[in-house]
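A quick write-up on the structure given underneath.
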Amino acid sequence: MIGEISRDEVRSSIEDKLCAHFSVTSASATDDQVFQATAIVINEIMSRLLAAESPTKHEKEVHYMSMEFLMGRSLMKNAFNLGISEAVTGALEDLGRNASDIFEAEPDAGLGNGGLGRLAACYMDSMATCGYEGTGYSICYELGIFRQKFENGRQTEVADNWRTAAESWLIPRWEDAVEVRFGGHVAPHWDNMGHYHAEYTGYTAVIAVPRDMLIAGYGGHEINTLRLWDAKSPNSLDMYLFSEGEYVKSMEQRTMAEVITKVLYPPDEHVEGKILRLKQQYFFVSATMQSITRKHIEVYGTLKNFHEKNVIQINDTHPTLVIPELMRILVDDAGMSWDEAWNITTHCVAYTNHTVLSEALEVWPQQLFETLLPRVWQILQEISRRWQQQVEEFYHDPAKTAKLAIIWDGGVRMANLCIAGSMAVNGVSALHSEILRKDLFKDACQMQPDKFKDRKSTR
């Protein structure tokens with residue numbers, strides 16, 4: 001809990017940040033500079049509170065994964081939740097500024113474009129306010145939701161470069177960077193004990209760098225983190241090509257890596273767009289699961305109790321690849337058997353559905369997985385085979401087998417994968433959850449009725 005902070009202390013801290021970060025005085029600073037300096041002050045307060053929190057080794061931690069987080073503006077919200085809004089407002093007035101103008105200078109953190117992202121943001125606020133230890137995960141898009149403006153009487157869309165002005169909130173964690181792999185080939189290998197190992201070669205690596213945004217719950221009782229992944233190339237420049245005068249080509253690898261986090265929802269009417277979207281989803285999921293499992297091993301020394309200490313909540317089907325990616329880590333990296341890894345996975349992943357329209361459920365072309373994610377594709381095939389066998393043994397009905405299959409007719413059905421690999425399925429309301437049970441996922445619910453929950457009972 002934060003102690004009493006006076007307006008004089010806040011004013012002095014803002015003046016220090018203006019001098020240290022922008023080399024200006026409070027009189028000569030722009031509103032944007034004053035906003036960023038104030039944000040740095042509040043961010044430092046939250047960082048101290050986070051560092052002072054006692055680790056809760058024996059409690060479960062929630063990991064909330066969503067492709068969107070519509071966080072909105074954070075300055076006024078965090079000041080209010082920390083109980084220092086009056087001090088901040090007074091300090092800004094003492095600096096000769098209108099507090100509302102400074103609050104309005106902050107750009108929207110437009111990492112979403114609708115209810116999906118706003119729900120995720122509300123969950124993060126609620127967890128922190130209720131004192132639950134939880135971390136959100138998404139992509140640190142350079143360009144978030146588009147801005148609208150009128151030109152010659154017509155509405156046009158322009159890119160929203162929110163990140164430049166939001167740097168004050170984003171804390172880079174280079175020490176937690178991980179490598180995400182695309183393409184390449186998987187070769188089977190058996191060791192002297194007869195155990196299978198997947199040898200992954202010829203892949204293209206992308207470095208995922210976390211940039212953490214701190215979120216204060218009301219009252220300052222809990223500070224939680226939204227971890228946003230930024231894509232970087234391991235080789236920022238090909239010196240040979242550069243020395244040969246091929247300047248644009250020398251930066252090709254860097255450009256192809258960084259385009260992954262360039263924009264929210266790139267158009268996917270063409271093959272290149274579909275590839276980029278799938279790259280985004282796997283980049284986000286792989287980086288997150290590597291981060292979570294690494295942290296868990298640091299604390300417990302093993303992944304055998306992973307499901308006892310972690311809940312992976314996926315918001316819609318965009319993070320569905322967490323299921324095969326966690327299986328890859330448990331089987332390939334931790335050396336577990338398939339059955340042990342599957343038991344852990346299916347006891348820690350939970351799925352929130354966002355649509356009752358069957359035609360709107362996400363389906364990916366099988367060929368993209370085969371070329372872009374070869375090891376994940378192998379794991380998906382085995383998950384699909386076992387799930388399909390389970391369906392066949394329960395129904396003995398080819399029509400239901402076709403409907404519930406994960407891989408079918410050249411497509412990978414993400415919602416069916418969620419159902420097969422999760423411990424809980426729910427909608428965004430009690431009514432929505434009821435529709436899932438009695439209509440959209442009726443056949444799956446009859447197989448595993450305990451898996452389908454009301455929204456209020458999934459915690």
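Within each chain, counting starts at residue 1; across the structure tokens, chains are named A, B, ... in the order shown, with ligands numbered 1 upward in that order.
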According to DSSP computed on the backbone, where in region 57-230 of chain A is there helix (DSSP H, G or I)? Give the residues as a ChimeraX atom specification. /A:75-81,85-94,99-104,115-130,174-176
Given only C-alpha atoms, how would the per-residue table for region 267-306 of chain A near region 215-233 of chain A read, listing every residue at most 9 Å away with its closest atom pair and distance in Å to one decimal, sorted by chain and number, as a tab-separated table?
residue	atom	partner	partner_atom	distance
A:Phe283	CA	A:Ala231	CA	8.3
A:Phe284	CA	A:Trp229	CA	6.7
A:Ala287	CA	A:Trp229	CA	7.5
A:Thr288	CA	A:Trp229	CA	8.3
Writer output for current selection, all heavy atoms, as a compact mmCIF listing (two decimals), in the first residue's frame:
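part_4.txt, written as the output of this step:
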# COMPACT_ATOMS: atom_id res chain seq x y z
N PHE A 283 4.36 -16.30 -32.50
CA PHE A 283 5.38 -15.48 -31.83
C PHE A 283 4.92 -15.11 -30.42
O PHE A 283 5.66 -15.29 -29.44
CB PHE A 283 5.61 -14.22 -32.67
CG PHE A 283 6.43 -13.15 -31.99
CD1 PHE A 283 7.81 -13.22 -31.96
CD2 PHE A 283 5.81 -12.07 -31.37
CE1 PHE A 283 8.56 -12.24 -31.34
CE2 PHE A 283 6.54 -11.09 -30.74
CZ PHE A 283 7.93 -11.17 -30.73
N PHE A 284 3.71 -14.63 -30.32
CA PHE A 284 3.11 -14.22 -29.04
C PHE A 284 3.01 -15.41 -28.08
O PHE A 284 3.41 -15.34 -26.91
CB PHE A 284 1.76 -13.60 -29.35
CG PHE A 284 0.73 -13.62 -28.27
CD1 PHE A 284 1.03 -13.23 -26.98
CD2 PHE A 284 -0.58 -14.01 -28.55
CE1 PHE A 284 0.05 -13.23 -25.99
CE2 PHE A 284 -1.54 -14.02 -27.58
CZ PHE A 284 -1.23 -13.63 -26.29
N ALA A 287 6.69 -17.08 -27.16
CA ALA A 287 7.42 -16.22 -26.24
C ALA A 287 6.81 -16.27 -24.84
O ALA A 287 7.52 -16.37 -23.82
CB ALA A 287 7.43 -14.78 -26.76
N THR A 288 5.49 -16.23 -24.78
CA THR A 288 4.80 -16.25 -23.48
C THR A 288 5.04 -17.56 -22.74
O THR A 288 5.37 -17.55 -21.55
CB THR A 288 3.29 -16.04 -23.68
OG1 THR A 288 3.07 -14.75 -24.28
CG2 THR A 288 2.55 -16.11 -22.36
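You can rank A:Ala350, A:Met71, A:Val425, A:Met336 by their closest distance to Lys304 (chain A) using only C-alpha atoms, and at the top of that list sits A:Met336.
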Env of Arg413 (chain A): 12 Å cut, atoms = only C-alpha atoms, seq-sep filter 3 positions within chain, self excluded. Answer as number ranges by chain. A: 317-318, 320-321, 358-366, 380, 384, 402-410, 416-420
Please produce an output containing C-alpha atoms for each residue in the selection, written as an mmCIF file, in the first residue's frame.
data_model
loop_
_atom_site.group_PDB
_atom_site.id
_atom_site.type_symbol
_atom_site.label_atom_id
_atom_site.label_comp_id
_atom_site.auth_asym_id
_atom_site.auth_seq_id
_atom_site.Cartn_x
_atom_site.Cartn_y
_atom_site.Cartn_z
ATOM 1 C CA THR A 317 -8.952 -18.569 -30.151
ATOM 2 C CA HIS A 318 -6.016 -16.330 -31.140
ATOM 3 C CA THR A 320 -4.860 -21.388 -29.032
ATOM 4 C CA LEU A 321 -1.365 -22.464 -30.079
ATOM 5 C CA SER A 358 -19.839 -21.347 -36.230
ATOM 6 C CA GLU A 359 -18.684 -19.723 -39.480
ATOM 7 C CA ALA A 360 -16.742 -17.116 -37.486
ATOM 8 C CA LEU A 361 -14.652 -19.692 -35.610
ATOM 9 C CA GLU A 362 -10.988 -19.501 -36.568
ATOM 10 C CA VAL A 363 -9.687 -22.075 -39.097
ATOM 11 C CA TRP A 364 -6.145 -22.106 -40.510
ATOM 12 C CA PRO A 365 -4.928 -23.775 -43.718
ATOM 13 C CA GLN A 366 -3.019 -26.938 -42.872
ATOM 14 C CA LEU A 380 -1.072 -30.967 -33.693
ATOM 15 C CA SER A 384 -5.927 -34.424 -33.459
ATOM 16 C CA ALA A 402 -16.236 -34.691 -38.801
ATOM 17 C CA LYS A 403 -17.847 -31.856 -36.849
ATOM 18 C CA LEU A 404 -15.575 -32.178 -33.791
ATOM 19 C CA ALA A 405 -12.311 -32.961 -35.616
ATOM 20 C CA ILE A 406 -9.362 -30.629 -35.082
ATOM 21 C CA ILE A 407 -7.698 -31.258 -38.453
ATOM 22 C CA TRP A 408 -10.232 -31.818 -41.208
ATOM 23 C CA ASP A 409 -10.453 -31.184 -44.934
ATOM 24 C CA GLY A 410 -7.144 -29.322 -45.066
ATOM 25 C CA ASN A 416 -12.032 -27.615 -31.459
ATOM 26 C CA LEU A 417 -8.380 -27.585 -30.398
ATOM 27 C CA CYS A 418 -9.327 -25.336 -27.475
ATOM 28 C CA ILE A 419 -12.055 -27.742 -26.396
ATOM 29 C CA ALA A 420 -9.789 -30.785 -26.657
#
Please, what distance in Å, to one decimal, runs between CA of Tyr64 (chain A) and CA of Ile314 (chain A)?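 So the two atoms, CA of Tyr64 (chain A) and CA of Ile314 (chain A), lie 6.2 Å apart.
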Surrounding residues of Ser168 (chain A) excluding itself and chain neighbours under 4 positions, 8 Å, only C-alpha atoms, as a list in words: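 Everything that qualifies: Gln36, Ala37, Ala39, Ile40 and Asn43 of chain A.
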Would you list the contacts of Phe69 (chain A) as a PyMOL selection string, taking every protein, DNA or RNA residue within 12 Å and counting only C-alpha atoms, but skipping same-chain residues closer than 6 positions in sequence? chain A and resi 108-125+136-141+144-145+213+226-228+264+315
Set the distance at 9 Å and use only C-alpha atoms: which residues neighbour Val322 (chain A) once local chain neighbours fewer than 3 positions away are removed? I'd like the list as a count of residues only. 12
Using DSSP assignments from the backbone, pull out every residue in region 133-370 of chain A that falls under strand (DSSP E) and give it to me as JSON, numbers by chain. {"A": [134, 135, 136, 137, 138, 139, 147, 148, 149, 150, 151, 154, 155, 156, 157, 158, 170, 171, 172, 178, 179, 180, 181, 182, 185, 186, 187, 188, 189, 190, 196, 197, 198, 199, 200, 201, 204, 205, 206, 207, 208, 209, 210, 211, 212, 213, 214, 215, 216, 223, 224, 225, 226, 227, 228, 229, 230, 231, 232, 310, 311, 312, 313, 314, 315, 349, 350, 351, 352, 363, 364, 365]}
Nearest to Tyr196 (chain A): which of A:Ser433, A:Ser337, A:Ser23, A:Gln33 is it, counting only C-alpha atoms?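 When distances to Tyr196 (chain A) are compared using only C-alpha atoms, the smallest one comes from A:Ser337.
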Considering only C-alpha atoms, return as a compact mmCIF listing (two decimals) with N, CA and C atoms, in the first residue's frame whatever protein or nucleic-acid residues lie within 12 Å of region 82-98 of chain A, sequence-local ones (same chain, fewer than 5 positions apart) excluded.
# COMPACT_ATOMS: atom_id res chain seq x y z
N MET A 1 0.85 -1.20 0.00
CA MET A 1 0.00 0.00 0.00
C MET A 1 0.88 1.24 0.00
N ILE A 2 0.58 2.20 -0.86
CA ILE A 2 1.38 3.41 -0.97
C ILE A 2 1.12 4.33 0.21
N GLY A 3 2.19 4.97 0.67
CA GLY A 3 2.04 5.91 1.76
C GLY A 3 1.57 7.27 1.26
N GLU A 4 1.49 8.24 2.16
CA GLU A 4 1.03 9.58 1.80
C GLU A 4 2.11 10.30 0.99
N ILE A 5 1.72 10.83 -0.15
CA ILE A 5 2.63 11.59 -1.01
C ILE A 5 2.03 12.96 -1.24
N SER A 6 2.80 14.00 -0.97
CA SER A 6 2.29 15.36 -1.07
C SER A 6 2.42 15.89 -2.49
N ARG A 7 1.65 16.93 -2.77
CA ARG A 7 1.72 17.57 -4.09
C ARG A 7 3.09 18.18 -4.32
N ASP A 8 3.74 18.64 -3.25
CA ASP A 8 5.08 19.22 -3.39
C ASP A 8 6.09 18.15 -3.81
N GLU A 9 5.96 16.95 -3.26
CA GLU A 9 6.86 15.86 -3.64
C GLU A 9 6.65 15.46 -5.10
N VAL A 10 5.39 15.40 -5.50
CA VAL A 10 5.10 15.04 -6.88
C VAL A 10 5.62 16.12 -7.83
N ARG A 11 5.38 17.39 -7.47
CA ARG A 11 5.84 18.49 -8.33
C ARG A 11 7.36 18.45 -8.48
N SER A 12 8.07 18.26 -7.37
CA SER A 12 9.53 18.21 -7.41
C SER A 12 10.01 17.04 -8.26
N SER A 13 9.34 15.91 -8.15
CA SER A 13 9.74 14.73 -8.94
C SER A 13 9.50 14.97 -10.43
N ILE A 14 8.38 15.61 -10.77
CA ILE A 14 8.10 15.91 -12.18
C ILE A 14 9.16 16.85 -12.74
N GLU A 15 9.53 17.88 -11.97
CA GLU A 15 10.57 18.82 -12.41
C GLU A 15 11.89 18.10 -12.62
N LEU A 18 11.67 16.16 -15.93
CA LEU A 18 11.74 17.06 -17.08
C LEU A 18 13.18 17.46 -17.38
N THR A 25 12.90 22.96 -18.51
CA THR A 25 12.30 23.35 -17.24
C THR A 25 10.79 23.18 -17.34
N SER A 26 10.14 23.27 -16.21
CA SER A 26 8.68 23.14 -16.21
C SER A 26 8.03 24.27 -16.99
N ALA A 27 8.70 25.41 -17.06
CA ALA A 27 8.12 26.55 -17.77
C ALA A 27 8.21 26.37 -19.29
N SER A 28 9.28 25.73 -19.76
CA SER A 28 9.49 25.61 -21.21
C SER A 28 9.00 24.28 -21.78
N ALA A 29 8.61 23.35 -20.93
CA ALA A 29 8.20 22.03 -21.39
C ALA A 29 6.85 22.08 -22.10
N THR A 30 6.67 21.20 -23.06
CA THR A 30 5.37 21.06 -23.72
C THR A 30 4.45 20.20 -22.85
N ASP A 31 3.17 20.22 -23.16
CA ASP A 31 2.23 19.37 -22.42
C ASP A 31 2.59 17.90 -22.56
N ASP A 32 3.07 17.50 -23.74
CA ASP A 32 3.45 16.10 -23.95
C ASP A 32 4.63 15.73 -23.07
N GLN A 33 5.60 16.63 -22.93
CA GLN A 33 6.75 16.36 -22.07
C GLN A 33 6.34 16.29 -20.60
N VAL A 34 5.43 17.16 -20.21
CA VAL A 34 4.94 17.11 -18.82
C VAL A 34 4.19 15.80 -18.57
N PHE A 35 3.38 15.38 -19.54
CA PHE A 35 2.70 14.10 -19.40
C PHE A 35 3.70 12.96 -19.21
N ALA A 37 6.82 13.01 -18.25
CA ALA A 37 7.54 13.12 -16.97
C ALA A 37 6.66 12.65 -15.82
N THR A 38 5.38 13.03 -15.84
CA THR A 38 4.46 12.60 -14.79
C THR A 38 4.26 11.08 -14.84
N ALA A 39 4.18 10.53 -16.03
CA ALA A 39 4.03 9.09 -16.18
C ALA A 39 5.25 8.35 -15.63
N VAL A 41 7.18 9.37 -13.23
CA VAL A 41 7.09 9.44 -11.76
C VAL A 41 6.16 8.37 -11.23
N ILE A 42 4.97 8.24 -11.82
CA ILE A 42 4.00 7.25 -11.35
C ILE A 42 4.50 5.84 -11.62
N ASN A 43 5.16 5.64 -12.75
CA ASN A 43 5.69 4.32 -13.07
C ASN A 43 6.75 3.90 -12.06
N ILE A 45 6.84 4.83 -8.93
CA ILE A 45 6.12 4.50 -7.70
C ILE A 45 5.60 3.06 -7.78
N MET A 46 5.00 2.71 -8.92
CA MET A 46 4.48 1.36 -9.09
C MET A 46 5.60 0.32 -9.09
N LEU A 49 6.53 -0.40 -5.56
CA LEU A 49 5.50 -1.23 -4.92
C LEU A 49 5.58 -2.67 -5.40
N SER A 74 -3.65 5.72 -19.15
CA SER A 74 -3.23 5.15 -17.88
C SER A 74 -2.88 6.17 -16.80
N LEU A 75 -2.58 7.41 -17.20
CA LEU A 75 -2.07 8.37 -16.22
C LEU A 75 -3.08 8.66 -15.12
N MET A 76 -4.25 9.12 -15.50
CA MET A 76 -5.26 9.46 -14.51
C MET A 76 -5.73 8.21 -13.76
N LYS A 77 -5.88 7.09 -14.49
CA LYS A 77 -6.36 5.85 -13.87
C LYS A 77 -5.39 5.35 -12.80
N PHE A 103 -3.74 15.15 -18.89
CA PHE A 103 -4.34 13.82 -19.02
C PHE A 103 -4.74 13.55 -20.47
N GLU A 104 -5.23 14.59 -21.16
CA GLU A 104 -5.65 14.43 -22.55
C GLU A 104 -4.46 14.30 -23.50
N ALA A 105 -3.28 14.70 -23.05
CA ALA A 105 -2.09 14.60 -23.90
C ALA A 105 -1.65 13.16 -24.09
N ALA A 128 -5.96 -6.96 -10.30
CA ALA A 128 -5.11 -6.15 -9.43
C ALA A 128 -5.90 -5.57 -8.27
N THR A 129 -7.12 -5.12 -8.53
CA THR A 129 -7.95 -4.54 -7.48
C THR A 129 -8.34 -5.57 -6.43
N ILE A 215 0.30 -2.19 -13.97
CA ILE A 215 -1.11 -1.85 -13.77
C ILE A 215 -1.40 -1.85 -12.27
N ALA A 216 -1.87 -0.73 -11.76
CA ALA A 216 -2.18 -0.62 -10.34
C ALA A 216 -3.64 -0.92 -10.09
N GLY A 217 -3.91 -1.78 -9.12
CA GLY A 217 -5.27 -2.02 -8.68
C GLY A 217 -5.74 -0.90 -7.77
N TYR A 218 -7.05 -0.77 -7.64
CA TYR A 218 -7.59 0.29 -6.79
C TYR A 218 -7.12 0.10 -5.34
N GLY A 219 -6.58 1.16 -4.76
CA GLY A 219 -6.05 1.10 -3.40
C GLY A 219 -4.57 0.78 -3.37
N GLY A 220 -4.00 0.42 -4.54
CA GLY A 220 -2.56 0.14 -4.59
C GLY A 220 -2.17 -1.14 -3.88
N HIS A 221 -3.13 -2.06 -3.63
CA HIS A 221 -2.81 -3.29 -2.91
C HIS A 221 -2.00 -4.27 -3.77
N GLU A 222 -2.22 -4.24 -5.08
CA GLU A 222 -1.54 -5.18 -5.97
C GLU A 222 -1.12 -4.44 -7.25
N ILE A 223 0.12 -4.68 -7.67
CA ILE A 223 0.61 -4.17 -8.94
C ILE A 223 0.84 -5.37 -9.84
